[in-house]
Amino acid sequence: MRENCNCQQEATDAGARRARVAIVWPGFTGYMGACWRALAERATVKIWLEPSHYEQYFDGADLAGLDWQRLEPADFPRALEELREFAPDLTLVCGWRTPLCRLAGRTPLSGKKVIAFDMPWEWRLRKIVAKVALWPYLRHFDGAFVPGRSTAKYGRWLGFGGRLVLGSNTSGWERFQAISPAERGFLFVGRLVEEKGIDTLLAAYARYRQQVADPWPLEIVGVGPLTVPEAPGVRLRGFVPPQEMPRVMGQAACLVLPSRWEPWGVCAAEAMCAGLCTILSRVCGLTYDVAPTRLIRPNDVRGLTEALLAIDRMTPAERAAERLRARAAMKPYAIGHWVERVMEMACR
């Protein structure tokens, strides 16, 4: 990345100023809001957001007190001018799919410009040709901020090489590590879409119930276009605000995420911080960096059934050991570490 020594990480000395960080993002989520709030304690942060579909379910509490604005296309020229006037030391731009992010990515700005994305590497034609197709856009960036090793592999293919910083998706360790998980109960958290493998989960859970005398309940948390049928032992919880997720996690013993496609798996990271056992599909990007309790193949009803049974049969001592292991593994993904990475990019 280009050298930029006109800011300090802490404005403790006379005459020092806080780093300026601009964030251009397609909507927001609870965990990113928590990251931005923590960053604002160390730097001057301004946030420009494009509306997103799932944003309607968030009340904006995680953005209270932050300097942010939601923009429609007619607002983009004004927003880009404000972005230039802000003269950021670091601009974080999310991906290449949405209009405002693409405009900000191409706009000349002071300081460094870093792209954040979570797309994993896959041997697919679209990923292979992306190196050429995206170069006119990606050449405007000084580096890339990615979740972990799976996305880093894609980042190297796109040409970022040594300009990669890992750890863009936090776990919310600070919010979840004090939870005492329940002794029983399965939990799914995510969008209700086909790629999450909910049909696989329901089929495996039905088989699991047939093989145990006192089956654990299954709670499904999330919203989306997919209609989830009612089934014995299954509770459909709907949307849960981010601030309520620690309590919801504490009411389960195991999170199940049998996705067919999952670039990272924020809910899985949060569950591990909370000390839950985890059953994750091997396509989940998190599994390239941190081992879950049980790893399954996508679409594998039999394998998921066996994993549910294995978790059910664990002794309290085994679950306690797993709780300690999971929390220790996720500590490097705490929000505080995310802030340190961003400050280092802004100030070095």
# chains A, B, ... in the order shown; residues from 1 in each chain; ligands from 1
call {"tool": "select_by_dssp", "arguments": {"residues": "segment 75-166 of chain A", "states": "helix (DSSP H, G or I)", "output": "CSV table (one decimal) with C-alpha atoms, in the first residue's frame"}}
result
chain,number,residue,atom,x,y,z
A,75,ASP,CA,-27.7,11.7,-4.0
A,76,PHE,CA,-24.6,10.0,-5.4
A,77,PRO,CA,-22.9,13.1,-7.0
A,78,ARG,CA,-23.3,15.1,-3.7
A,79,ALA,CA,-22.0,12.1,-1.7
A,80,LEU,CA,-18.9,11.7,-3.8
A,81,GLU,CA,-18.1,15.4,-3.5
A,82,GLU,CA,-18.5,15.1,0.3
A,83,LEU,CA,-16.2,12.0,0.2
A,84,ARG,CA,-13.5,14.0,-1.6
A,85,GLU,CA,-13.9,16.9,0.8
A,86,PHE,CA,-13.5,14.6,3.8
A,99,PRO,CA,-23.6,1.5,-8.0
A,100,LEU,CA,-22.3,3.7,-5.1
A,101,CYS,CA,-19.5,1.3,-4.3
A,102,ARG,CA,-18.4,1.2,-7.9
A,103,LEU,CA,-18.5,4.9,-8.2
A,104,ALA,CA,-16.5,5.4,-5.0
A,105,GLY,CA,-14.0,2.8,-6.1
A,106,ARG,CA,-13.2,4.6,-9.3
A,125,LEU,CA,-15.3,-19.9,-15.3
A,126,ARG,CA,-16.7,-16.7,-13.8
A,127,LYS,CA,-14.0,-16.6,-11.1
A,128,ILE,CA,-11.3,-17.4,-13.6
A,129,VAL,CA,-12.2,-14.6,-16.0
A,130,ALA,CA,-12.8,-12.1,-13.1
A,131,LYS,CA,-9.1,-11.4,-13.0
A,132,VAL,CA,-9.4,-9.7,-16.4
A,133,ALA,CA,-13.0,-8.5,-16.2
A,135,TRP,CA,-9.1,-5.3,-13.4
A,136,PRO,CA,-10.3,-1.9,-14.7
A,137,TYR,CA,-12.1,-1.5,-11.3
A,138,LEU,CA,-9.7,-3.2,-9.0
A,149,ARG,CA,-7.8,-18.0,3.8
A,150,SER,CA,-10.5,-19.0,1.3
A,151,THR,CA,-11.1,-15.4,0.2
A,152,ALA,CA,-7.4,-14.6,0.4
A,153,LYS,CA,-6.8,-17.2,-2.3
A,154,TYR,CA,-9.3,-15.4,-4.5
A,155,GLY,CA,-7.7,-12.1,-3.6
A,156,ARG,CA,-4.3,-13.4,-4.8
A,157,TRP,CA,-5.8,-14.6,-8.0
A,161,GLY,CA,-0.8,-10.6,-3.6
A,162,GLY,CA,1.0,-9.1,-0.6
A,163,ARG,CA,-1.6,-6.3,-0.4
call {"tool": "residues_around", "arguments": {"residues": "Thr305 of chain A", "least_positions_apart": "3", "cutoff": "8 Å", "atoms": "only C-alpha atoms", "output": "list in words"}}
result
Ala204, Tyr205, Arg207, Tyr208, Val301, Arg302, Leu308 and Leu309 of chain A
call {"tool": "write_last_selection", "arguments": {"atoms": "all heavy atoms", "output": "tab-separated table (two decimals), in the first residue's frame"}}
result
chain	number	residue	atom	x	y	z
A	204	ALA	N	-32.86	-33.90	7.84
A	204	ALA	CA	-31.98	-34.56	8.80
A	204	ALA	C	-32.56	-34.49	10.21
A	204	ALA	O	-32.46	-35.46	10.98
A	204	ALA	CB	-30.60	-33.91	8.77
A	205	TYR	N	-33.15	-33.37	10.55
A	205	TYR	CA	-33.72	-33.22	11.89
A	205	TYR	C	-34.88	-34.19	12.09
A	205	TYR	O	-35.04	-34.79	13.17
A	205	TYR	CB	-34.19	-31.78	12.11
A	205	TYR	CG	-34.80	-31.55	13.47
A	205	TYR	CD1	-34.02	-31.59	14.62
A	205	TYR	CD2	-36.18	-31.32	13.60
A	205	TYR	CE1	-34.59	-31.39	15.87
A	205	TYR	CE2	-36.75	-31.12	14.85
A	205	TYR	CZ	-35.95	-31.16	15.97
A	205	TYR	OH	-36.51	-30.97	17.22
A	207	ARG	N	-35.18	-37.15	10.73
A	207	ARG	CA	-34.57	-38.47	10.95
A	207	ARG	C	-33.97	-38.57	12.35
A	207	ARG	O	-34.07	-39.62	13.01
A	207	ARG	CB	-33.48	-38.71	9.90
A	207	ARG	CG	-34.00	-38.88	8.48
A	207	ARG	CD	-32.86	-39.33	7.57
A	207	ARG	NE	-33.29	-39.46	6.18
A	207	ARG	CZ	-32.52	-39.94	5.21
A	207	ARG	NH1	-31.28	-40.34	5.49
A	207	ARG	NH2	-32.97	-40.03	3.98
A	208	TYR	N	-33.36	-37.49	12.78
A	208	TYR	CA	-32.78	-37.47	14.13
A	208	TYR	C	-33.86	-37.72	15.17
A	208	TYR	O	-33.67	-38.50	16.13
A	208	TYR	CB	-32.09	-36.12	14.36
A	208	TYR	CG	-32.01	-35.67	15.80
A	208	TYR	CD1	-31.04	-36.16	16.66
A	208	TYR	CD2	-32.94	-34.75	16.30
A	208	TYR	CE1	-30.98	-35.75	17.98
A	208	TYR	CE2	-32.89	-34.33	17.61
A	208	TYR	CZ	-31.91	-34.83	18.45
A	208	TYR	OH	-31.87	-34.43	19.76
A	301	VAL	N	-27.95	-35.37	3.82
A	301	VAL	CA	-28.93	-35.56	4.88
A	301	VAL	C	-28.44	-36.61	5.88
A	301	VAL	O	-28.55	-36.42	7.11
A	301	VAL	CB	-30.30	-35.98	4.29
A	301	VAL	CG1	-31.29	-36.32	5.40
A	301	VAL	CG2	-30.86	-34.86	3.42
A	302	ARG	N	-27.90	-37.70	5.38
A	302	ARG	CA	-27.41	-38.74	6.28
A	302	ARG	C	-26.27	-38.23	7.17
A	302	ARG	O	-26.25	-38.48	8.38
A	302	ARG	CB	-26.94	-39.94	5.46
A	302	ARG	CG	-26.39	-41.08	6.31
A	302	ARG	CD	-25.98	-42.25	5.44
A	302	ARG	NE	-25.40	-43.33	6.23
A	302	ARG	CZ	-24.95	-44.48	5.73
A	302	ARG	NH1	-25.04	-44.69	4.41
A	302	ARG	NH2	-24.44	-45.40	6.51
A	308	LEU	N	-26.03	-34.50	14.08
A	308	LEU	CA	-27.00	-34.12	15.11
A	308	LEU	C	-27.00	-35.13	16.26
A	308	LEU	O	-27.03	-34.76	17.44
A	308	LEU	CB	-28.40	-34.01	14.50
A	308	LEU	CG	-28.61	-32.91	13.45
A	308	LEU	CD1	-30.00	-33.05	12.82
A	308	LEU	CD2	-28.45	-31.52	14.05
A	309	LEU	N	-26.97	-36.41	15.90
A	309	LEU	CA	-26.95	-37.46	16.92
A	309	LEU	C	-25.67	-37.39	17.76
A	309	LEU	O	-25.70	-37.57	18.98
A	309	LEU	CB	-27.06	-38.83	16.26
A	309	LEU	CG	-28.43	-39.16	15.64
A	309	LEU	CD1	-28.33	-40.40	14.75
A	309	LEU	CD2	-29.47	-39.38	16.73
call {"tool": "closest_atom_pairs", "arguments": {"of": "segment 197-306 of chain A", "to": "segment 185-190 of chain A", "cutoff": "9 Å", "atoms": "only C-alpha atoms", "output": "Markdown table"}}
result
| residue | atom | partner | partner_atom | distance |
| --- | --- | --- | --- | --- |
| A:Ile198 | CA | A:Phe188 | CA | 8.6 |
| A:Leu201 | CA | A:Phe188 | CA | 8.9 |
| A:Pro215 | CA | A:Gly185 | CA | 8.6 |
| A:Trp216 | CA | A:Gly185 | CA | 4.9 |
| A:Pro217 | CA | A:Gly185 | CA | 5.1 |
| A:Leu218 | CA | A:Phe186 | CA | 4.7 |
| A:Glu219 | CA | A:Leu187 | CA | 4.9 |
| A:Ile220 | CA | A:Phe188 | CA | 4.8 |
| A:Val221 | CA | A:Val189 | CA | 4.7 |
| A:Gly222 | CA | A:Gly190 | CA | 5.1 |
| A:Val223 | CA | A:Gly190 | CA | 7.5 |
| A:Gly224 | CA | A:Gly190 | CA | 8.8 |
| A:Val248 | CA | A:Leu187 | CA | 8.9 |
| A:Met249 | CA | A:Leu187 | CA | 7.8 |
| A:Gln251 | CA | A:Gly185 | CA | 7.3 |
| A:Ala252 | CA | A:Gly185 | CA | 4.6 |
| A:Ala253 | CA | A:Gly185 | CA | 5.2 |
| A:Cys254 | CA | A:Phe186 | CA | 5.0 |
| A:Leu255 | CA | A:Leu187 | CA | 4.7 |
| A:Val256 | CA | A:Phe188 | CA | 5.3 |
| A:Leu257 | CA | A:Phe188 | CA | 6.3 |
| A:Cys267 | CA | A:Val189 | CA | 6.4 |
| A:Ala268 | CA | A:Val189 | CA | 8.5 |
call {"tool": "write_last_selection", "arguments": {"atoms": "N, CA and C atoms", "output": "PDB file, in the first residue's frame"}}
result
ATOM      1  N   ILE A 198     -31.676 -25.277   4.141  1.00  0.00           N
ATOM      2  CA  ILE A 198     -32.685 -25.500   5.185  1.00  0.00           C
ATOM      3  C   ILE A 198     -33.466 -26.784   4.930  1.00  0.00           C
ATOM      4  N   LEU A 201     -31.500 -29.502   6.375  1.00  0.00           N
ATOM      5  CA  LEU A 201     -31.605 -29.459   7.834  1.00  0.00           C
ATOM      6  C   LEU A 201     -32.915 -30.075   8.315  1.00  0.00           C
ATOM      7  N   PRO A 215     -35.834 -35.933  21.881  1.00  0.00           N
ATOM      8  CA  PRO A 215     -35.098 -35.095  20.925  1.00  0.00           C
ATOM      9  C   PRO A 215     -35.015 -33.637  21.360  1.00  0.00           C
ATOM     10  N   TRP A 216     -33.903 -33.022  20.996  1.00  0.00           N
ATOM     11  CA  TRP A 216     -33.747 -31.592  21.231  1.00  0.00           C
ATOM     12  C   TRP A 216     -34.657 -30.818  20.280  1.00  0.00           C
ATOM     13  N   PRO A 217     -35.107 -29.638  20.681  1.00  0.00           N
ATOM     14  CA  PRO A 217     -35.868 -28.783  19.750  1.00  0.00           C
ATOM     15  C   PRO A 217     -34.927 -28.113  18.751  1.00  0.00           C
ATOM     16  N   LEU A 218     -35.487 -27.646  17.655  1.00  0.00           N
ATOM     17  CA  LEU A 218     -34.758 -26.907  16.637  1.00  0.00           C
ATOM     18  C   LEU A 218     -35.422 -25.547  16.464  1.00  0.00           C
ATOM     19  N   GLU A 219     -34.659 -24.494  16.624  1.00  0.00           N
ATOM     20  CA  GLU A 219     -35.167 -23.135  16.428  1.00  0.00           C
ATOM     21  C   GLU A 219     -34.536 -22.547  15.180  1.00  0.00           C
ATOM     22  N   ILE A 220     -35.381 -21.989  14.304  1.00  0.00           N
ATOM     23  CA  ILE A 220     -34.913 -21.382  13.059  1.00  0.00           C
ATOM     24  C   ILE A 220     -35.129 -19.885  13.147  1.00  0.00           C
ATOM     25  N   VAL A 221     -34.041 -19.133  13.080  1.00  0.00           N
ATOM     26  CA  VAL A 221     -34.068 -17.681  13.184  1.00  0.00           C
ATOM     27  C   VAL A 221     -33.690 -17.087  11.835  1.00  0.00           C
ATOM     28  N   GLY A 222     -34.544 -16.222  11.296  1.00  0.00           N
ATOM     29  CA  GLY A 222     -34.219 -15.566  10.037  1.00  0.00           C
ATOM     30  C   GLY A 222     -35.455 -15.266   9.220  1.00  0.00           C
ATOM     31  N   VAL A 223     -35.268 -14.476   8.191  1.00  0.00           N
ATOM     32  CA  VAL A 223     -36.345 -14.119   7.276  1.00  0.00           C
ATOM     33  C   VAL A 223     -35.830 -14.277   5.850  1.00  0.00           C
ATOM     34  N   GLY A 224     -36.752 -14.367   4.914  1.00  0.00           N
ATOM     35  CA  GLY A 224     -36.365 -14.504   3.520  1.00  0.00           C
ATOM     36  C   GLY A 224     -37.511 -15.033   2.693  1.00  0.00           C
ATOM     37  N   VAL A 248     -30.426 -15.228  22.395  1.00  0.00           N
ATOM     38  CA  VAL A 248     -30.924 -16.356  21.599  1.00  0.00           C
ATOM     39  C   VAL A 248     -29.872 -17.461  21.529  1.00  0.00           C
ATOM     40  N   MET A 249     -28.618 -17.082  21.330  1.00  0.00           N
ATOM     41  CA  MET A 249     -27.549 -18.080  21.301  1.00  0.00           C
ATOM     42  C   MET A 249     -27.463 -18.833  22.628  1.00  0.00           C
ATOM     43  N   GLN A 251     -29.727 -19.789  24.464  1.00  0.00           N
ATOM     44  CA  GLN A 251     -30.838 -20.728  24.663  1.00  0.00           C
ATOM     45  C   GLN A 251     -30.641 -22.015  23.872  1.00  0.00           C
ATOM     46  N   ALA A 252     -29.501 -22.174  23.223  1.00  0.00           N
ATOM     47  CA  ALA A 252     -29.223 -23.379  22.420  1.00  0.00           C
ATOM     48  C   ALA A 252     -27.887 -23.973  22.837  1.00  0.00           C
ATOM     49  N   ALA A 253     -27.673 -25.212  22.416  1.00  0.00           N
ATOM     50  CA  ALA A 253     -26.405 -25.899  22.672  1.00  0.00           C
ATOM     51  C   ALA A 253     -25.566 -26.057  21.418  1.00  0.00           C
ATOM     52  N   CYS A 254     -26.210 -25.956  20.238  1.00  0.00           N
ATOM     53  CA  CYS A 254     -25.501 -26.225  18.988  1.00  0.00           C
ATOM     54  C   CYS A 254     -26.097 -25.419  17.850  1.00  0.00           C
ATOM     55  N   LEU A 255     -25.249 -24.751  17.088  1.00  0.00           N
ATOM     56  CA  LEU A 255     -25.681 -24.069  15.870  1.00  0.00           C
ATOM     57  C   LEU A 255     -25.431 -24.973  14.676  1.00  0.00           C
ATOM     58  N   VAL A 256     -26.407 -25.037  13.769  1.00  0.00           N
ATOM     59  CA  VAL A 256     -26.310 -25.879  12.574  1.00  0.00           C
ATOM     60  C   VAL A 256     -26.408 -24.993  11.344  1.00  0.00           C
ATOM     61  N   LEU A 257     -25.414 -25.073  10.464  1.00  0.00           N
ATOM     62  CA  LEU A 257     -25.402 -24.261   9.246  1.00  0.00           C
ATOM     63  C   LEU A 257     -25.005 -25.156   8.069  1.00  0.00           C
ATOM     64  N   CYS A 267     -22.765 -15.946  11.607  1.00  0.00           N
ATOM     65  CA  CYS A 267     -23.528 -16.539  12.717  1.00  0.00           C
ATOM     66  C   CYS A 267     -22.767 -17.711  13.331  1.00  0.00           C
ATOM     67  N   ALA A 268     -22.017 -18.449  12.511  1.00  0.00           N
ATOM     68  CA  ALA A 268     -21.216 -19.558  13.045  1.00  0.00           C
ATOM     69  C   ALA A 268     -20.099 -19.031  13.929  1.00  0.00           C
TER      70      ALA A 268
END
call {"tool": "select_by_dssp", "arguments": {"residues": "segment 168-297 of chain A", "states": "strand (DSSP E)", "output": "ChimeraX atom specification"}}
result
/A:186-189,218-221,234-238,254-257,277-281,294-296
call {"tool": "write_last_selection", "arguments": {"atoms": "N, CA, C and O atoms", "output": "CSV table (one decimal), in the first residue's frame"}}
result
chain,number,residue,atom,x,y,z
A,186,PHE,N,-31.0,-27.2,19.2
A,186,PHE,CA,-30.3,-26.9,18.0
A,186,PHE,C,-30.8,-25.5,17.5
A,186,PHE,O,-32.0,-25.2,17.7
A,187,LEU,N,-30.0,-24.8,16.8
A,187,LEU,CA,-30.3,-23.5,16.3
A,187,LEU,C,-29.8,-23.3,14.9
A,187,LEU,O,-28.6,-23.6,14.6
A,188,PHE,N,-30.6,-22.7,14.1
A,188,PHE,CA,-30.2,-22.2,12.8
A,188,PHE,C,-30.4,-20.7,12.7
A,188,PHE,O,-31.5,-20.2,13.1
A,189,VAL,N,-29.4,-20.0,12.2
A,189,VAL,CA,-29.5,-18.5,12.0
A,189,VAL,C,-29.1,-18.2,10.6
A,189,VAL,O,-28.0,-18.5,10.2
A,218,LEU,N,-35.5,-27.6,17.7
A,218,LEU,CA,-34.8,-26.9,16.6
A,218,LEU,C,-35.4,-25.5,16.5
A,218,LEU,O,-36.6,-25.5,16.2
A,219,GLU,N,-34.7,-24.5,16.6
A,219,GLU,CA,-35.2,-23.1,16.4
A,219,GLU,C,-34.5,-22.5,15.2
A,219,GLU,O,-33.3,-22.6,15.0
A,220,ILE,N,-35.4,-22.0,14.3
A,220,ILE,CA,-34.9,-21.4,13.1
A,220,ILE,C,-35.1,-19.9,13.1
A,220,ILE,O,-36.3,-19.4,13.3
A,221,VAL,N,-34.0,-19.1,13.1
A,221,VAL,CA,-34.1,-17.7,13.2
A,221,VAL,C,-33.7,-17.1,11.8
A,221,VAL,O,-32.6,-17.4,11.3
A,234,VAL,N,-39.9,-28.1,15.6
A,234,VAL,CA,-39.3,-26.9,15.0
A,234,VAL,C,-40.1,-25.7,15.3
A,234,VAL,O,-41.3,-25.6,15.2
A,235,ARG,N,-39.3,-24.6,15.8
A,235,ARG,CA,-39.9,-23.3,16.1
A,235,ARG,C,-39.3,-22.3,15.1
A,235,ARG,O,-38.1,-22.2,15.0
A,236,LEU,N,-40.2,-21.6,14.4
A,236,LEU,CA,-39.8,-20.6,13.4
A,236,LEU,C,-39.8,-19.2,14.2
A,236,LEU,O,-40.9,-18.7,14.6
A,237,ARG,N,-38.7,-18.7,14.4
A,237,ARG,CA,-38.5,-17.5,15.3
A,237,ARG,C,-38.7,-16.2,14.5
A,237,ARG,O,-39.0,-15.1,15.1
A,238,GLY,N,-38.4,-16.2,13.2
A,238,GLY,CA,-38.4,-14.9,12.4
A,238,GLY,C,-37.2,-14.1,12.6
A,238,GLY,O,-36.1,-14.6,13.0
A,254,CYS,N,-26.2,-26.0,20.2
A,254,CYS,CA,-25.5,-26.2,19.0
A,254,CYS,C,-26.1,-25.4,17.8
A,254,CYS,O,-27.3,-25.4,17.7
A,255,LEU,N,-25.2,-24.8,17.1
A,255,LEU,CA,-25.7,-24.1,15.9
A,255,LEU,C,-25.4,-25.0,14.7
A,255,LEU,O,-24.4,-25.6,14.6
A,256,VAL,N,-26.4,-25.0,13.8
A,256,VAL,CA,-26.3,-25.9,12.6
A,256,VAL,C,-26.4,-25.0,11.3
A,256,VAL,O,-27.4,-24.2,11.2
A,257,LEU,N,-25.4,-25.1,10.5
A,257,LEU,CA,-25.4,-24.3,9.2
A,257,LEU,C,-25.0,-25.2,8.1
A,257,LEU,O,-23.8,-25.3,7.7
A,277,CYS,N,-21.6,-25.7,20.4
A,277,CYS,CA,-21.1,-26.6,19.4
A,277,CYS,C,-21.6,-26.1,18.1
A,277,CYS,O,-22.6,-25.4,18.0
A,278,THR,N,-20.8,-26.5,17.0
A,278,THR,CA,-21.2,-26.1,15.7
A,278,THR,C,-21.1,-27.2,14.7
A,278,THR,O,-20.2,-28.0,14.7
A,279,ILE,N,-22.2,-27.3,13.9
A,279,ILE,CA,-22.2,-28.2,12.7
A,279,ILE,C,-22.2,-27.4,11.5
A,279,ILE,O,-23.2,-26.7,11.2
A,280,LEU,N,-21.1,-27.4,10.7
A,280,LEU,CA,-21.0,-26.5,9.6
A,280,LEU,C,-20.7,-27.3,8.3
A,280,LEU,O,-20.0,-28.3,8.3
A,281,SER,N,-21.3,-26.8,7.2
A,281,SER,CA,-21.0,-27.3,5.9
A,281,SER,C,-19.5,-27.0,5.5
A,281,SER,O,-19.1,-25.9,5.8
A,294,ARG,N,-18.4,-30.3,14.2
A,294,ARG,CA,-18.6,-31.4,13.2
A,294,ARG,C,-18.6,-30.7,11.8
A,294,ARG,O,-19.2,-29.6,11.7
A,295,LEU,N,-18.0,-31.3,10.8
A,295,LEU,CA,-17.9,-30.8,9.5
A,295,LEU,C,-18.7,-31.8,8.6
A,295,LEU,O,-18.5,-33.0,8.6
A,296,ILE,N,-19.6,-31.2,7.8
A,296,ILE,CA,-20.5,-32.1,6.9
A,296,ILE,C,-20.4,-31.6,5.5
A,296,ILE,O,-19.9,-30.5,5.2
call {"tool": "residues_around", "arguments": {"residues": "Arg282 of chain A", "least_positions_apart": "3", "cutoff": "10 Å", "atoms": "only C-alpha atoms", "output": "list in words"}}
result
Leu257, Pro258, Ser259, Arg260, Trp261, Glu262, Ile279, Gly285, Leu286, Thr287, Tyr288, Ala291, Pro292, Arg294, Leu295, Ile296, Arg297 and Pro298 of chain A
call {"tool": "residues_around", "arguments": {"residues": "Asp142 of chain A", "least_positions_apart": "6", "cutoff": "12 Å", "atoms": "only C-alpha atoms", "output": "MDAnalysis selection string"}}
result
chainID A and resid 1:4 90:93 105 108:116 159:165 345:346
call {"tool": "closest_residue", "arguments": {"among": "A:Gln211, A:Phe28, A:Ala38, A:Asp118", "to": "Gly167 of chain A", "atoms": "only C-alpha atoms"}}
result
A:Asp118
call {"tool": "atom_distance", "arguments": {"atom1": "atom CA of Val339 of chain A", "atom2": "atom CA of Leu39 of chain A"}}
result
5.5 Å
call {"tool": "atom_distance", "arguments": {"atom1": "atom CA of Phe239 of chain A", "atom2": "atom CA of Gly336 of chain A"}}
result
26.8 Å
call {"tool": "residues_around", "arguments": {"residues": "Ala34 of chain A", "least_positions_apart": "3", "cutoff": "12 Å", "atoms": "only C-alpha atoms", "output": "PyMOL selection string"}}
result
chain A and resi 28-31+37-41+60-66+169-175+242-243+334-336+338-339
call {"tool": "write_last_selection", "arguments": {"atoms": "N, CA, C and O atoms", "output": "short mmCIF file (atom, residue, chain, number, x, y, z; two decimals), in the first residue's frame"}}
result
data_model
loop_
_atom_site.label_atom_id
_atom_site.label_comp_id
_atom_site.auth_asym_id
_atom_site.auth_seq_id
_atom_site.Cartn_x
_atom_site.Cartn_y
_atom_site.Cartn_z
N PHE A 28 -26.30 -2.19 5.87
CA PHE A 28 -25.52 -2.52 7.06
C PHE A 28 -26.15 -3.71 7.76
O PHE A 28 -27.30 -4.07 7.55
N THR A 29 -25.34 -4.33 8.59
CA THR A 29 -25.78 -5.43 9.43
C THR A 29 -25.39 -5.12 10.86
O THR A 29 -24.59 -4.21 11.12
N GLY A 30 -25.93 -5.87 11.79
CA GLY A 30 -25.65 -5.61 13.19
C GLY A 30 -24.18 -5.71 13.53
O GLY A 30 -23.63 -4.88 14.24
N TYR A 31 -23.51 -6.74 13.00
CA TYR A 31 -22.11 -6.93 13.38
C TYR A 31 -21.21 -5.86 12.78
O TYR A 31 -20.24 -5.42 13.39
N ARG A 37 -18.90 1.34 15.22
CA ARG A 37 -18.98 2.08 16.48
C ARG A 37 -17.66 1.98 17.24
O ARG A 37 -17.17 2.97 17.80
N ALA A 38 -17.07 0.81 17.26
CA ALA A 38 -15.79 0.64 17.94
C ALA A 38 -14.69 1.43 17.24
O ALA A 38 -13.83 2.03 17.89
N LEU A 39 -14.71 1.44 15.92
CA LEU A 39 -13.72 2.19 15.16
C LEU A 39 -13.84 3.69 15.43
O LEU A 39 -12.83 4.40 15.50
N ALA A 40 -15.08 4.18 15.59
CA ALA A 40 -15.31 5.61 15.83
C ALA A 40 -14.72 6.08 17.15
O ALA A 40 -14.56 7.29 17.36
N GLU A 41 -14.40 5.17 18.05
CA GLU A 41 -13.74 5.55 19.30
C GLU A 41 -12.26 5.87 19.07
O GLU A 41 -11.63 6.50 19.92
N GLY A 60 -31.50 0.42 13.24
CA GLY A 60 -30.46 1.43 13.21
C GLY A 60 -29.82 1.71 14.55
O GLY A 60 -29.00 2.63 14.66
N ALA A 61 -30.15 0.94 15.58
CA ALA A 61 -29.60 1.19 16.91
C ALA A 61 -28.09 1.10 16.92
O ALA A 61 -27.41 1.86 17.63
N ASP A 62 -27.51 0.19 16.12
CA ASP A 62 -26.07 0.04 16.10
C ASP A 62 -25.36 1.20 15.41
O ASP A 62 -24.13 1.30 15.47
N LEU A 63 -26.12 2.08 14.74
CA LEU A 63 -25.51 3.23 14.08
C LEU A 63 -25.76 4.53 14.85
O LEU A 63 -25.32 5.59 14.41
N ALA A 64 -26.45 4.45 15.97
CA ALA A 64 -26.75 5.64 16.77
C ALA A 64 -25.45 6.33 17.18
O ALA A 64 -24.52 5.70 17.68
N GLY A 65 -25.41 7.65 16.93
CA GLY A 65 -24.23 8.42 17.31
C GLY A 65 -23.15 8.47 16.26
O GLY A 65 -22.19 9.23 16.41
N LEU A 66 -23.28 7.69 15.18
CA LEU A 66 -22.29 7.69 14.10
C LEU A 66 -22.66 8.72 13.04
O LEU A 66 -23.83 9.09 12.89
N ASN A 169 -14.18 -9.92 8.64
CA ASN A 169 -15.46 -10.29 9.27
C ASN A 169 -15.21 -10.66 10.72
O ASN A 169 -14.54 -11.65 11.01
N THR A 170 -15.77 -9.89 11.62
CA THR A 170 -15.52 -10.14 13.04
C THR A 170 -16.52 -11.14 13.59
O THR A 170 -17.52 -11.48 12.98
N SER A 171 -16.22 -11.59 14.78
CA SER A 171 -17.07 -12.60 15.44
C SER A 171 -17.96 -12.00 16.51
O SER A 171 -18.85 -12.66 17.02
N GLY A 172 -17.72 -10.75 16.88
CA GLY A 172 -18.46 -10.20 18.00
C GLY A 172 -18.10 -10.87 19.32
O GLY A 172 -18.94 -11.02 20.21
N TRP A 173 -16.84 -11.30 19.44
CA TRP A 173 -16.39 -12.05 20.60
C TRP A 173 -16.74 -11.33 21.90
O TRP A 173 -17.16 -11.95 22.88
N GLU A 174 -16.59 -10.00 21.90
CA GLU A 174 -16.84 -9.24 23.12
C GLU A 174 -18.29 -9.39 23.59
O GLU A 174 -18.56 -9.40 24.79
N ARG A 175 -19.22 -9.50 22.66
CA ARG A 175 -20.64 -9.58 23.02
C ARG A 175 -21.08 -10.99 23.39
O ARG A 175 -22.04 -11.16 24.14
N PRO A 242 -30.04 -7.68 16.18
CA PRO A 242 -28.67 -8.05 16.57
C PRO A 242 -28.43 -8.01 18.07
O PRO A 242 -27.74 -8.87 18.62
N GLN A 243 -29.02 -7.02 18.74
CA GLN A 243 -28.78 -6.90 20.18
C GLN A 243 -29.41 -8.03 20.97
O GLN A 243 -29.05 -8.26 22.14
N ALA A 334 -12.09 -10.94 17.29
CA ALA A 334 -12.84 -9.99 18.09
C ALA A 334 -12.88 -8.62 17.41
O ALA A 334 -12.02 -8.28 16.59
N ILE A 335 -13.87 -7.82 17.76
CA ILE A 335 -14.02 -6.50 17.17
C ILE A 335 -12.79 -5.64 17.42
O ILE A 335 -12.36 -4.87 16.56
N GLY A 336 -12.20 -5.77 18.60
CA GLY A 336 -11.00 -4.98 18.90
C GLY A 336 -9.88 -5.25 17.93
O GLY A 336 -9.14 -4.33 17.53
N TRP A 338 -10.33 -6.26 14.81
CA TRP A 338 -10.77 -5.64 13.55
C TRP A 338 -10.39 -4.17 13.53
O TRP A 338 -9.86 -3.66 12.52
N VAL A 339 -10.64 -3.47 14.62
CA VAL A 339 -10.29 -2.05 14.71
C VAL A 339 -8.79 -1.86 14.53
O VAL A 339 -8.35 -0.96 13.81
#
call {"tool": "closest_residue", "arguments": {"among": "A:Ala43, A:Leu158, A:Ala328, A:Val290", "to": "Leu134 of chain A", "atoms": "only C-alpha atoms"}}
result
A:Leu158
call {"tool": "closest_residue", "arguments": {"among": "A:Asp67, A:Asp312, A:Glu306, A:Glu244", "to": "Ala213 of chain A", "atoms": "only C-alpha atoms"}}
result
A:Asp312
